[in-house]
>>> print(open('input05.tsv').read())   # TSV, C-alpha atoms
chain	number	residue	atom	x	y	z
A	1	MET	CA	90.79	-69.49	227.57
A	2	ARG	CA	90.73	-71.76	224.52
A	3	ARG	CA	94.24	-70.69	223.62
A	4	LEU	CA	93.39	-67.00	223.69
A	5	LEU	CA	96.41	-64.92	224.54
A	6	TRP	CA	96.64	-61.22	225.11
A	7	GLY	CA	99.34	-58.70	225.78
A	8	LEU	CA	98.82	-55.08	226.68
A	9	ALA	CA	101.41	-52.36	226.90
A	10	LEU	CA	100.03	-49.12	228.25
A	11	VAL	CA	101.40	-45.61	228.33
A	12	PRO	CA	100.06	-43.05	230.83
A	13	VAL	CA	98.88	-39.64	229.67
A	14	LEU	CA	96.51	-38.35	232.32
A	15	ALA	CA	95.24	-39.95	235.49
A	16	LEU	CA	91.49	-40.05	235.99
A	17	ALA	CA	91.79	-40.80	239.37
A	18	ALA	CA	101.48	-51.86	242.27
A	19	CYS	CA	103.44	-54.05	243.12
A	20	SER	CA	104.00	-55.21	246.69
A	21	ALA	CA	107.65	-54.56	247.59
A	22	PRO	CA	109.56	-52.65	250.25
A	23	ALA	CA	110.00	-49.01	249.30
A	24	PRO	CA	113.70	-48.36	248.71
A	25	VAL	CA	115.56	-45.08	248.78
A	26	LEU	CA	115.45	-43.57	245.31
A	27	ASP	CA	118.71	-42.68	243.62
A	28	GLY	CA	118.81	-39.50	241.57
A	29	ASP	CA	115.98	-37.24	240.58
A	30	LEU	CA	112.82	-39.25	239.94
A	31	ALA	CA	111.46	-36.39	237.87
A	32	GLN	CA	114.14	-37.06	235.25
A	33	GLN	CA	112.73	-40.54	234.59
A	34	PRO	CA	109.47	-41.43	232.83
A	35	GLU	CA	108.83	-43.77	235.74
A	36	GLY	CA	111.21	-44.56	238.56
A	37	ALA	CA	112.11	-47.93	240.02
A	38	SER	CA	110.71	-48.81	243.42
A	39	GLY	CA	112.08	-52.24	244.15
A	40	ARG	CA	110.89	-55.71	243.34
A	41	GLY	CA	108.48	-58.14	244.91
A	42	GLU	CA	106.87	-61.46	244.09
A	43	GLU	CA	103.14	-62.04	244.02
A	44	VAL	CA	101.06	-65.02	242.93
A	45	ALA	CA	97.61	-64.00	241.80
A	46	GLY	CA	95.44	-64.86	238.84
A	47	GLN	CA	96.67	-68.42	238.25
A	48	GLY	CA	94.52	-71.33	237.18
A	49	ARG	CA	94.72	-74.63	235.36
A	50	ARG	CA	93.88	-73.05	232.01
A	51	PHE	CA	95.05	-69.47	232.35
A	52	LEU	CA	97.71	-67.21	233.79
A	53	ILE	CA	97.46	-63.45	234.35
A	54	ALA	CA	100.45	-61.18	234.87
A	55	THR	CA	99.82	-57.56	235.85
A	56	ALA	CA	101.54	-54.81	237.83
A	57	ASN	CA	99.19	-55.14	240.80
A	58	PRO	CA	97.58	-58.22	242.40
A	59	LEU	CA	94.20	-56.45	242.59
A	60	ALA	CA	94.21	-56.20	238.79
A	61	SER	CA	95.19	-59.86	238.44
A	62	ALA	CA	92.34	-60.82	240.75
A	63	ALA	CA	89.87	-58.83	238.63
A	64	GLY	CA	91.00	-60.65	235.49
A	65	GLN	CA	90.71	-64.00	237.26
A	66	GLN	CA	87.19	-63.13	238.37
A	67	ILE	CA	86.14	-62.40	234.78
A	68	LEU	CA	87.70	-65.60	233.40
A	69	LEU	CA	86.00	-67.74	236.05
A	70	ALA	CA	82.71	-66.08	235.11
A	71	GLY	CA	83.11	-67.33	231.53
A	72	GLY	CA	84.75	-64.30	230.01
A	73	SER	CA	87.33	-64.36	227.25
A	74	ALA	CA	90.96	-63.31	227.63
A	75	LEU	CA	89.99	-59.99	226.04
A	76	ASP	CA	87.24	-59.54	228.64
A	77	ALA	CA	89.81	-60.18	231.37
A	78	ALA	CA	92.21	-57.67	229.82
A	79	ILE	CA	89.54	-54.97	229.95
A	80	ALA	CA	88.71	-55.66	233.60
A	81	VAL	CA	92.43	-55.61	234.42
A	82	GLN	CA	92.93	-52.27	232.69
A	83	MET	CA	90.07	-50.63	234.56
A	84	VAL	CA	91.50	-51.72	237.91
A	85	LEU	CA	94.99	-50.54	236.92
A	86	THR	CA	93.48	-47.14	236.13
A	87	LEU	CA	92.52	-46.93	239.80
A	88	VAL	CA	95.42	-48.60	241.62
A	89	GLU	CA	98.32	-47.67	239.31
A	90	PRO	CA	97.48	-44.18	237.98
A	91	GLN	CA	101.16	-43.29	237.65
A	92	SER	CA	101.70	-45.97	234.99
A	93	SER	CA	98.57	-46.87	233.06
A	94	GLY	CA	94.94	-46.02	232.69
A	95	ILE	CA	92.09	-45.04	230.43
A	96	GLY	CA	93.70	-41.63	230.04
A	97	GLY	CA	96.54	-43.23	228.08
A	98	GLY	CA	97.20	-45.52	225.17
A	99	GLY	CA	98.32	-49.02	224.43
A	100	PHE	CA	99.04	-51.81	221.97
A	101	LEU	CA	97.18	-55.11	222.12
A	102	MET	CA	98.25	-58.42	220.59
A	103	HIS	CA	95.43	-60.96	220.33
A	104	TRP	CA	95.57	-64.58	219.15
A	105	ASP	CA	92.59	-66.93	219.07
A	106	GLY	CA	94.43	-70.00	217.85
A	107	GLN	CA	93.97	-69.08	214.22
A	108	GLN	CA	94.47	-65.36	213.70
A	109	VAL	CA	96.94	-62.89	215.17
A	110	GLN	CA	95.66	-59.33	215.51
A	111	ALA	CA	97.61	-56.20	216.39
A	112	TRP	CA	95.34	-53.48	217.78
A	113	ASP	CA	96.79	-49.97	217.84
A	114	GLY	CA	95.35	-47.93	220.67
A	115	ARG	CA	98.26	-45.53	220.98
A	116	GLU	CA	97.38	-41.98	222.00
A	117	THR	CA	97.65	-39.29	219.33
A	118	ALA	CA	98.86	-35.72	219.46
A	119	PRO	CA	96.23	-32.96	219.42
A	120	ALA	CA	95.46	-31.65	215.93
A	121	ALA	CA	96.85	-28.26	217.03
A	122	ALA	CA	100.26	-29.72	218.01
A	123	ASP	CA	103.26	-28.36	216.14
A	124	GLU	CA	107.05	-28.32	216.37
A	125	THR	CA	107.06	-25.34	218.77
A	126	MET	CA	105.11	-26.99	221.60
A	127	PHE	CA	108.17	-28.01	223.61
A	128	LEU	CA	110.45	-25.11	222.77
A	129	ALA	CA	111.15	-22.19	225.08
A	130	ALA	CA	110.80	-18.60	223.87
A	131	GLU	CA	114.40	-18.51	222.67
A	132	GLY	CA	113.91	-21.72	220.66
A	133	ARG	CA	115.71	-24.08	223.00
A	134	PRO	CA	114.07	-27.39	224.01
A	135	VAL	CA	112.26	-27.27	227.35
A	136	PRO	CA	113.95	-29.51	229.97
A	137	PHE	CA	112.30	-32.91	230.36
A	138	ALA	CA	111.18	-32.37	233.95
A	139	GLU	CA	109.40	-29.19	232.86
A	140	ALA	CA	108.03	-30.54	229.58
A	141	VAL	CA	106.43	-33.62	231.12
A	142	ARG	CA	104.32	-31.62	233.60
A	143	GLY	CA	101.21	-29.74	232.62
A	144	GLY	CA	98.67	-29.72	229.86
A	145	ARG	CA	100.96	-29.72	226.85
A	146	ALA	CA	102.16	-33.25	227.68
A	147	VAL	CA	98.60	-34.59	227.37
A	148	ALA	CA	97.67	-36.41	224.18
A	149	THR	CA	94.33	-37.83	223.05
A	150	PRO	CA	93.41	-40.80	225.29
A	151	ALA	CA	93.15	-43.95	223.21
A	152	VAL	CA	93.19	-47.27	225.05
A	153	LEU	CA	89.50	-47.30	225.98
A	154	LYS	CA	88.34	-46.94	222.38
A	155	MET	CA	90.74	-49.68	221.30
A	156	LEU	CA	89.53	-52.09	223.99
A	157	GLU	CA	85.92	-51.34	223.09
A	158	ALA	CA	86.56	-52.13	219.42
A	159	ALA	CA	88.36	-55.37	220.28
A	160	HIS	CA	85.54	-56.34	222.66
A	161	ARG	CA	83.05	-56.13	219.81
A	162	GLU	CA	84.97	-58.92	218.08
A	163	HIS	CA	86.21	-61.05	220.95
A	164	GLY	CA	84.14	-60.28	224.02
A	165	ARG	CA	81.91	-62.88	225.62
A	166	LEU	CA	80.57	-61.12	228.70
A	167	PRO	CA	78.56	-57.90	228.49
A	168	TRP	CA	80.67	-54.71	228.41
A	169	ALA	CA	79.18	-53.40	231.66
A	170	ARG	CA	80.10	-56.59	233.55
A	171	LEU	CA	83.79	-55.92	232.95
A	172	PHE	CA	83.69	-52.68	234.96
A	173	GLU	CA	82.23	-54.18	238.13
A	174	PRO	CA	85.54	-55.05	239.87
A	175	ALA	CA	86.98	-51.58	239.31
A	176	ILE	CA	83.76	-49.83	240.38
A	177	ALA	CA	83.65	-51.85	243.61
A	178	LEU	CA	87.29	-51.04	244.42
A	179	ALA	CA	86.82	-47.34	243.65
A	180	ASP	CA	83.75	-47.16	245.89
A	181	GLU	CA	85.03	-49.30	248.77
A	182	GLY	CA	88.68	-48.26	248.51
A	183	PHE	CA	91.97	-50.05	247.91
A	184	LEU	CA	95.12	-50.21	249.99
A	185	LEU	CA	97.88	-47.87	248.79
A	186	SER	CA	100.73	-49.99	247.42
A	187	PRO	CA	104.42	-49.54	248.30
A	188	ARG	CA	105.14	-48.68	244.66
A	189	LEU	CA	102.55	-45.92	244.41
A	190	HIS	CA	103.69	-44.53	247.78
A	191	THR	CA	107.34	-44.48	246.63
A	192	LEU	CA	106.55	-42.70	243.38
A	193	LEU	CA	104.39	-40.14	245.17
A	194	MET	CA	107.42	-39.35	247.35
A	195	GLY	CA	109.26	-38.36	244.18
A	196	ALA	CA	106.43	-36.40	242.55
A	197	PRO	CA	106.43	-32.98	244.23
A	198	GLY	CA	104.58	-31.42	241.31
A	199	LEU	CA	101.37	-33.21	242.31
A	200	ARG	CA	101.23	-31.28	245.56
A	201	GLY	CA	100.64	-28.10	243.58
A	202	ASP	CA	97.38	-29.45	242.16
A	203	PRO	CA	94.58	-29.03	244.72
A	204	ARG	CA	92.63	-32.11	243.58
A	205	ALA	CA	95.70	-34.35	243.44
A	206	ARG	CA	96.89	-33.06	246.83
A	207	ARG	CA	93.57	-33.90	248.49
A	208	TYR	CA	93.54	-37.38	246.98
A	209	PHE	CA	97.16	-38.53	247.25
A	210	PHE	CA	98.51	-36.59	250.25
A	211	ALA	CA	97.76	-36.19	253.93
A	212	GLY	CA	97.28	-32.82	255.60
A	213	ASP	CA	101.02	-32.44	256.26
A	214	GLY	CA	101.76	-32.70	252.54
A	215	GLN	CA	103.25	-36.21	252.77
A	216	PRO	CA	101.88	-39.10	250.70
A	217	TRP	CA	99.37	-41.29	252.45
A	218	PRO	CA	101.23	-44.23	254.06
A	219	VAL	CA	101.41	-47.71	252.57
A	220	GLY	CA	98.20	-49.54	253.38
A	221	HIS	CA	96.07	-46.38	253.59
A	222	ARG	CA	92.65	-47.01	252.05
A	223	LEU	CA	92.05	-44.74	249.07
A	224	LYS	CA	88.53	-44.25	247.76
A	225	ASN	CA	87.76	-42.63	244.42
A	226	PRO	CA	83.99	-42.14	244.01
A	227	ALA	CA	84.56	-39.70	241.12
A	228	LEU	CA	86.36	-42.37	239.11
A	229	ALA	CA	83.64	-44.88	240.04
A	230	ALA	CA	81.11	-42.48	238.51
A	231	VAL	CA	83.18	-42.27	235.32
A	232	PHE	CA	83.37	-46.07	235.16
A	233	ARG	CA	79.60	-46.34	235.60
A	234	ALA	CA	79.03	-43.90	232.74
A	235	ILE	CA	81.37	-45.83	230.45
A	236	ALA	CA	79.82	-49.15	231.48
A	237	THR	CA	76.32	-48.01	230.52
A	238	GLN	CA	77.05	-45.61	227.63
A	239	GLY	CA	80.18	-47.14	226.10
A	240	GLY	CA	83.42	-45.40	225.27
A	241	ASP	CA	81.64	-42.29	224.02
A	242	ALA	CA	80.97	-41.39	227.66
A	243	LEU	CA	84.65	-40.46	227.88
A	244	TYR	CA	85.11	-39.09	224.38
A	245	ARG	CA	82.01	-36.90	224.09
A	246	GLY	CA	79.84	-34.93	226.44
A	247	PRO	CA	80.52	-33.56	229.94
A	248	ILE	CA	83.48	-35.84	230.83
A	249	ALA	CA	85.27	-34.94	227.59
A	250	ALA	CA	84.56	-31.25	228.17
A	251	ASP	CA	85.95	-31.51	231.71
A	252	ILE	CA	89.15	-33.21	230.49
A	253	VAL	CA	89.71	-30.51	227.89
A	254	ALA	CA	88.95	-27.72	230.37
A	255	ARG	CA	91.55	-29.04	232.82
A	256	VAL	CA	94.18	-29.51	230.11
A	257	ARG	CA	93.66	-26.06	228.63
A	258	GLY	CA	93.18	-24.40	232.02
A	259	HIS	CA	96.40	-25.72	233.50
A	260	ALA	CA	99.16	-23.28	234.44
A	261	VAL	CA	101.05	-24.84	231.52
A	262	PRO	CA	98.13	-25.21	229.09
A	263	GLY	CA	97.86	-27.93	226.48
A	264	ARG	CA	96.17	-28.02	223.09
A	265	LEU	CA	93.81	-30.97	223.45
A	266	SER	CA	90.30	-30.24	222.14
A	267	GLU	CA	86.91	-31.88	222.31
A	268	ALA	CA	87.21	-32.42	218.56
A	269	ASP	CA	90.39	-34.45	219.15
A	270	LEU	CA	88.55	-36.70	221.57
A	271	ALA	CA	85.48	-37.12	219.36
A	272	ALA	CA	87.54	-37.92	216.27
A	273	TYR	CA	89.81	-40.57	217.76
A	274	GLN	CA	89.54	-44.03	216.20
A	275	PRO	CA	91.69	-47.09	216.97
A	276	ARG	CA	93.12	-49.13	214.13
A	277	GLN	CA	94.45	-52.55	213.35
A	278	ARG	CA	97.95	-53.06	211.98
A	279	GLU	CA	99.52	-56.16	210.47
A	280	ALA	CA	101.37	-58.14	213.11
A	281	LEU	CA	105.10	-58.56	212.56
A	282	CYS	CA	106.06	-62.26	212.67
A	283	ALA	CA	109.46	-63.91	212.36
A	284	ASP	CA	110.95	-67.39	212.74
A	285	TRP	CA	113.39	-68.13	215.53
A	286	HIS	CA	115.46	-71.32	215.51
A	287	VAL	CA	117.19	-72.44	218.68
A	288	GLN	CA	118.45	-75.87	219.75
A	289	GLN	CA	116.87	-77.66	216.76
A	290	ARG	CA	113.48	-76.15	217.51
A	291	ALA	CA	111.62	-73.59	215.44
A	292	TYR	CA	109.29	-70.92	216.82
A	293	ARG	CA	107.04	-68.42	215.11
A	294	VAL	CA	107.23	-65.21	217.15
A	295	CYS	CA	104.72	-62.45	216.49
A	296	GLY	CA	104.76	-58.99	217.97
A	297	PHE	CA	103.58	-55.46	217.42
A	298	PRO	CA	104.92	-53.65	214.35
A	299	PRO	CA	106.07	-50.02	214.28
A	300	PRO	CA	105.37	-47.55	215.79
A	301	SER	CA	106.31	-50.11	218.47
A	302	SER	CA	109.94	-51.23	218.27
A	303	GLY	CA	109.97	-54.16	220.68
A	304	GLN	CA	109.39	-57.01	218.24
A	305	LEU	CA	112.02	-55.77	215.80
A	306	ALA	CA	114.68	-55.16	218.44
A	307	VAL	CA	114.15	-58.45	220.28
A	308	MET	CA	114.07	-60.56	217.10
A	309	GLN	CA	117.15	-58.82	215.72
A	310	ILE	CA	119.05	-59.59	218.93
A	311	LEU	CA	117.90	-63.22	218.92
A	312	GLY	CA	118.70	-63.52	215.22
A	313	MET	CA	122.24	-62.23	215.73
A	314	LEU	CA	122.78	-64.54	218.69
A	315	ALA	CA	121.66	-67.46	216.53
A	316	GLN	CA	124.43	-66.57	214.07
A	317	ARG	CA	127.00	-66.94	216.84
A	318	PRO	CA	127.21	-70.55	218.08
A	319	GLU	CA	128.96	-69.46	221.28
A	320	ALA	CA	125.94	-67.27	222.17
A	321	SER	CA	123.02	-69.34	220.87
A	322	VAL	CA	122.49	-70.92	224.29
A	323	LEU	CA	123.25	-69.68	227.77
A	324	PRO	CA	126.64	-71.20	228.69
A	325	PRO	CA	127.43	-72.77	232.04
A	326	SER	CA	128.92	-70.44	234.60
A	327	ALA	CA	130.00	-70.41	238.21
A	328	THR	CA	126.50	-69.33	239.21
A	329	PRO	CA	123.72	-71.42	237.59
A	330	GLY	CA	121.45	-69.36	235.38
A	331	VAL	CA	123.84	-66.39	235.31
A	332	PRO	CA	125.66	-65.79	232.00
A	333	GLY	CA	129.39	-65.45	231.83
A	334	ALA	CA	131.33	-62.48	230.50
A	335	ALA	CA	131.85	-63.96	227.01
A	336	TRP	CA	128.14	-64.52	226.44
A	337	LEU	CA	127.24	-61.11	227.83
A	338	HIS	CA	129.75	-59.46	225.49
A	339	VAL	CA	128.11	-60.98	222.39
A	340	TYR	CA	124.63	-60.18	223.69
A	341	THR	CA	125.52	-56.58	224.52
A	342	GLU	CA	127.05	-55.96	221.11
A	343	ALA	CA	124.02	-57.51	219.40
A	344	ALA	CA	121.75	-55.22	221.44
A	345	ARG	CA	123.83	-52.16	220.48
A	346	LEU	CA	123.56	-53.07	216.78
A	347	ALA	CA	119.80	-53.65	217.07
A	348	PHE	CA	119.30	-50.29	218.76
A	349	ALA	CA	121.40	-48.54	216.10
A	350	ASP	CA	118.92	-49.85	213.52
A	351	ARG	CA	116.04	-48.87	215.80
A	352	ALA	CA	117.28	-45.30	216.04
A	353	LEU	CA	117.60	-44.91	212.27
A	354	TYR	CA	114.75	-46.96	210.81
A	355	VAL	CA	111.97	-47.50	213.35
A	356	ALA	CA	109.44	-44.69	213.61
A	357	ASP	CA	105.72	-44.18	213.20
A	358	PRO	CA	105.04	-45.39	209.63
A	359	ASP	CA	102.22	-42.85	209.37
A	360	PHE	CA	104.78	-40.05	209.57
A	361	GLY	CA	108.23	-41.50	208.84
A	362	PRO	CA	109.70	-43.50	205.96
A	363	VAL	CA	109.74	-47.29	206.03
A	364	PRO	CA	113.22	-48.80	205.48
A	365	PRO	CA	114.09	-50.30	202.07
A	366	GLY	CA	112.44	-53.69	201.72
A	367	GLY	CA	110.04	-52.97	204.56
A	368	TYR	CA	110.50	-53.74	208.25
A	369	ALA	CA	110.79	-57.46	207.52
A	370	ALA	CA	114.09	-56.72	205.74
A	371	LEU	CA	115.61	-55.94	209.15
A	372	LEU	CA	114.92	-59.55	210.19
A	373	GLN	CA	116.22	-61.43	207.13
A	374	PRO	CA	118.77	-64.12	208.10
A	375	ALA	CA	121.33	-62.87	205.57
A	376	TYR	CA	121.09	-59.35	206.92
A	377	LEU	CA	121.39	-60.50	210.54
A	378	ALA	CA	124.39	-62.65	209.63
A	379	GLN	CA	126.01	-59.55	208.16
A	380	ARG	CA	125.28	-57.63	211.34
A	381	ALA	CA	126.49	-60.44	213.61
A	382	ALA	CA	129.80	-60.53	211.70
A	383	LEU	CA	130.56	-57.08	213.11
A	384	ILE	CA	130.79	-58.51	216.62
A	385	GLY	CA	134.44	-59.09	217.49
A	386	PRO	CA	136.38	-59.87	220.64
A	387	ARG	CA	136.33	-56.22	221.69
A	388	ALA	CA	133.47	-53.75	221.95
A	389	LEU	CA	132.69	-51.70	218.86
A	390	ALA	CA	133.80	-48.10	219.21
A	391	GLU	CA	130.47	-47.14	217.70
A	392	ALA	CA	127.66	-49.51	216.74
A	393	PRO	CA	126.61	-48.50	213.22
A	394	ALA	CA	123.16	-48.87	211.66
A	395	GLY	CA	123.00	-51.41	208.85
A	396	ARG	CA	121.80	-51.25	205.26
A	397	PRO	CA	118.99	-53.76	204.69
A	398	ALA	CA	118.36	-54.96	201.16
>>> encode(input="input05.tsv", output="structure tokens")
Amino acid sequence: MRRLLWGLALVPVLALAACSAPAPVLDGDLAQQPEGASGRGEEVAGQGRRFLIATANPLASAAGQQILLAGGSALDAAIAVQMVLTLVEPQSSGIGGGGFLMHWDGQQVQAWDGRETAPAAADETMFLAAEGRPVPFAEAVRGGRAVATPAVLKMLEAAHREHGRLPWARLFEPAIALADEGFLLSPRLHTLLMGAPGLRGDPRARRYFFAGDGQPWPVGHRLKNPALAAVFRAIATQGGDALYRGPIAADIVARVRGHAVPGRLSEADLAAYQPRQREALCADWHVQQRAYRVCGFPPPSSGQLAVMQILGMLAQRPEASVLPPSATPGVPGAAWLHVYTEAARLAFADRALYVADPDFGPVPPGGYAALLQPAYLAQRAALIGPRALAEAPAGRPA
């Protein structure tokens, strides 16, 4: 890969239609969670002497491996992976959603923002009931009003123009073949379908995901999706505009607006969407006499800030700077976990107050980097005592 690294975090919006693990019994109402847990399994796929691929489904890892072995870049592999995930993991990620991409070529770090955007007609009343009360989550998340402007495809296309090696169309071949020939339903997808009764009310989704008795197809059932294969072929030959303009865009909008709970997405929203680049957020991390430069995505993502704040506070506490020995190797003891938990609470207090979309919310005094200054983190770490804080307060950066 010539030291090319990529990371992709994707958020589902609509499925244009997992991991191998036994399907456990789900606790609680799955509809109350953005995405429920379905157990854990170990897979080894997409590993080579000069690369490693980690995805949510071994079929996606295999697609990325295929592209790398054909001479593609890491970015090429990421695109092939995302197309396969659209097919095999529609509950979690896909070209109907959005994502952030971190890209490093050994010299330059880039942060590509492909997060979905609200329709231009969205306003503060969208998720309020007639009497002005917020609509319950399980009700709000279903239907057209929860659909935003798809974004990840445009972002990947823009990044490919800079960092792609193989032709755009070549990257869609693994996903097209799987959609045409079929893929085996994973335990994860089966488990989540068991907890998604709302899908049965949609005739198209019912025909695709469920058997005649209304139960999800069993694990290992071969699912074919020729309609998605046709969409992939159009995008492969016409570029991203095949999804954002023309008949596919019109069909997306018609289904969103024609839903029993209609949304406000328009063809103009799709045609106007443009990805953007943001400045990566980088910070130094010192541990055990070694120094690391850690770069991550800036707001509107909060991961880099929260993780580096936690690590920075732990570094201020010698007893928590390294994982201490315990009765079980590799498992932290209670003292270390206490310091870590308090540091996480303090980081999330800052997150709740300061970290928002900088296009719409204020940036904290001194900028986001002020939340990572050693003096500020030392001040925050000093709040951690032998007992849990009654309430973890947000700080005041310089």
>>> closest_residue(input="input05.tsv", among="A:Arg142, A:Arg245, A:Arg396, A:Arg200", to="A:Ala260", atoms="all atoms listed in the file")
A:Arg142
>>> closest_residue(input="input05.tsv", among="A:Gly395, A:Gly64, A:Pro386, A:Gly296", to="A:Leu52", atoms="only C-alpha atoms")
A:Gly64
>>> closest_residue(input="input05.tsv", among="A:Val294, A:Gly143, A:Leu184, A:Ala211", to="A:Gly258", atoms="only C-alpha atoms")
A:Gly143
>>> closest_residue(input="input05.tsv", among="A:Asp76, A:Asp241, A:Asp251, A:Glu131", to="A:Ala169", atoms="all atoms listed in the file")
A:Asp76
>>> atom_distance(input="input05.tsv", atom1="atom CA of A:Gly97", atom2="atom CA of A:Pro150")
4.8 Å
>>> closest_residue(input="input05.tsv", among="A:Asn225, A:Gln379, A:Gln110, A:Gln289", to="A:Thr86", atoms="all atoms listed in the file")
A:Asn225
>>> atom_distance(input="input05.tsv", atom1="atom CA of A:His221", atom2="atom CA of A:Arg207")
13.7 Å
>>> atom_distance(input="input05.tsv", atom1="atom CA of A:Tyr273", atom2="atom CA of A:Ala151")
7.2 Å
>>> residues_around(input="input05.tsv", residues="A:Gly220", least_positions_apart="6", cutoff="12 Å", atoms="all atoms listed in the file", output="PDB file with C-alpha atoms, in the frame of the given file")
ATOM      1  CA  ALA A  18     101.480 -51.860 242.270  1.00  0.00           C
ATOM      2  CA  SER A  20     104.000 -55.210 246.690  1.00  0.00           C
ATOM      3  CA  GLY A 182      88.680 -48.260 248.510  1.00  0.00           C
ATOM      4  CA  PHE A 183      91.970 -50.050 247.910  1.00  0.00           C
ATOM      5  CA  LEU A 184      95.120 -50.210 249.990  1.00  0.00           C
ATOM      6  CA  LEU A 185      97.880 -47.870 248.790  1.00  0.00           C
ATOM      7  CA  SER A 186     100.730 -49.990 247.420  1.00  0.00           C
ATOM      8  CA  PRO A 187     104.420 -49.540 248.300  1.00  0.00           C
ATOM      9  CA  ARG A 188     105.140 -48.680 244.660  1.00  0.00           C
ATOM     10  CA  LEU A 189     102.550 -45.920 244.410  1.00  0.00           C
ATOM     11  CA  HIS A 190     103.690 -44.530 247.780  1.00  0.00           C
TER      12      HIS A 190
END
>>> residues_near_point(input="input05.tsv", point="(98.6, -38.0, 223.8)", cutoff="6 Å", atoms="only C-alpha atoms", output="PyMOL selection string")
chain A and resi 116-118+147-149
>>> residues_around(input="input05.tsv", residues="A:Glu391", least_positions_apart="5", cutoff="10 Å", atoms="only C-alpha atoms", output="ChimeraX atom specification")
/A:345-346,349
>>> residues_near_point(input="input05.tsv", point="(123.6, -59.1, 219.7)", cutoff="6 Å", atoms="all atoms listed in the file", output="PyMOL selection string")
chain A and resi 310+313-314+339-344
>>> closest_residue(input="input05.tsv", among="A:Gln215, A:Ser73, A:Thr191, A:Thr55", to="A:Arg165", atoms="all atoms listed in the file")
A:Ser73
>>> axis_aligned_box(input="input05.tsv", around="stretch 131-148 of chain A", padding_each_side="5 Å", output="JSON")
{"center_x": 106.7, "center_y": -27.5, "center_z": 227.3, "size_x": 28.0, "size_y": 27.9, "size_z": 23.3}
>>> residues_around(input="input05.tsv", residues="A:Ser302", least_positions_apart="4", cutoff="10 Å", atoms="only C-alpha atoms", output="PyMOL selection string")
chain A and resi 296-298+306-307+348+351-352+354-357
>>> decode(input="input05.tsv", residues="stretch 310-314 of chain A", atoms="all heavy atoms", output="CSV table (one decimal), in the first residue's frame")
chain,number,residue,atom,x,y,z
A,310,ILE,N,-9.0,11.6,27.0
A,310,ILE,CA,-8.9,10.6,27.9
A,310,ILE,C,-7.5,10.1,28.1
A,310,ILE,O,-6.9,10.0,29.2
A,310,ILE,CB,-9.8,9.4,27.5
A,310,ILE,CG1,-11.3,9.7,27.6
A,310,ILE,CG2,-9.5,8.1,28.4
A,310,ILE,CD1,-12.2,8.7,27.0
A,311,LEU,N,-6.8,9.9,26.9
A,311,LEU,CA,-5.4,9.5,27.0
A,311,LEU,C,-4.5,10.6,27.7
A,311,LEU,O,-3.6,10.3,28.4
A,311,LEU,CB,-4.9,9.2,25.6
A,311,LEU,CG,-5.4,8.0,24.9
A,311,LEU,CD1,-4.9,7.9,23.5
A,311,LEU,CD2,-5.1,6.7,25.7
A,312,GLY,N,-4.8,11.9,27.4
A,312,GLY,CA,-4.1,13.0,28.0
A,312,GLY,C,-4.3,13.0,29.5
A,312,GLY,O,-3.3,13.3,30.2
A,313,MET,N,-5.5,12.8,30.0
A,313,MET,CA,-5.7,12.8,31.4
A,313,MET,C,-5.0,11.6,32.1
A,313,MET,O,-4.5,11.7,33.2
A,313,MET,CB,-7.2,12.8,31.7
A,313,MET,CG,-7.8,14.2,31.5
A,313,MET,SD,-9.6,14.2,32.0
A,313,MET,CE,-10.4,13.9,30.4
A,314,LEU,N,-5.1,10.4,31.4
A,314,LEU,CA,-4.4,9.2,32.0
A,314,LEU,C,-2.9,9.5,32.1
A,314,LEU,O,-2.2,9.0,33.0
A,314,LEU,CB,-4.7,8.0,31.1
A,314,LEU,CG,-6.1,7.5,31.1
A,314,LEU,CD1,-6.2,6.2,30.2
A,314,LEU,CD2,-6.6,7.2,32.5
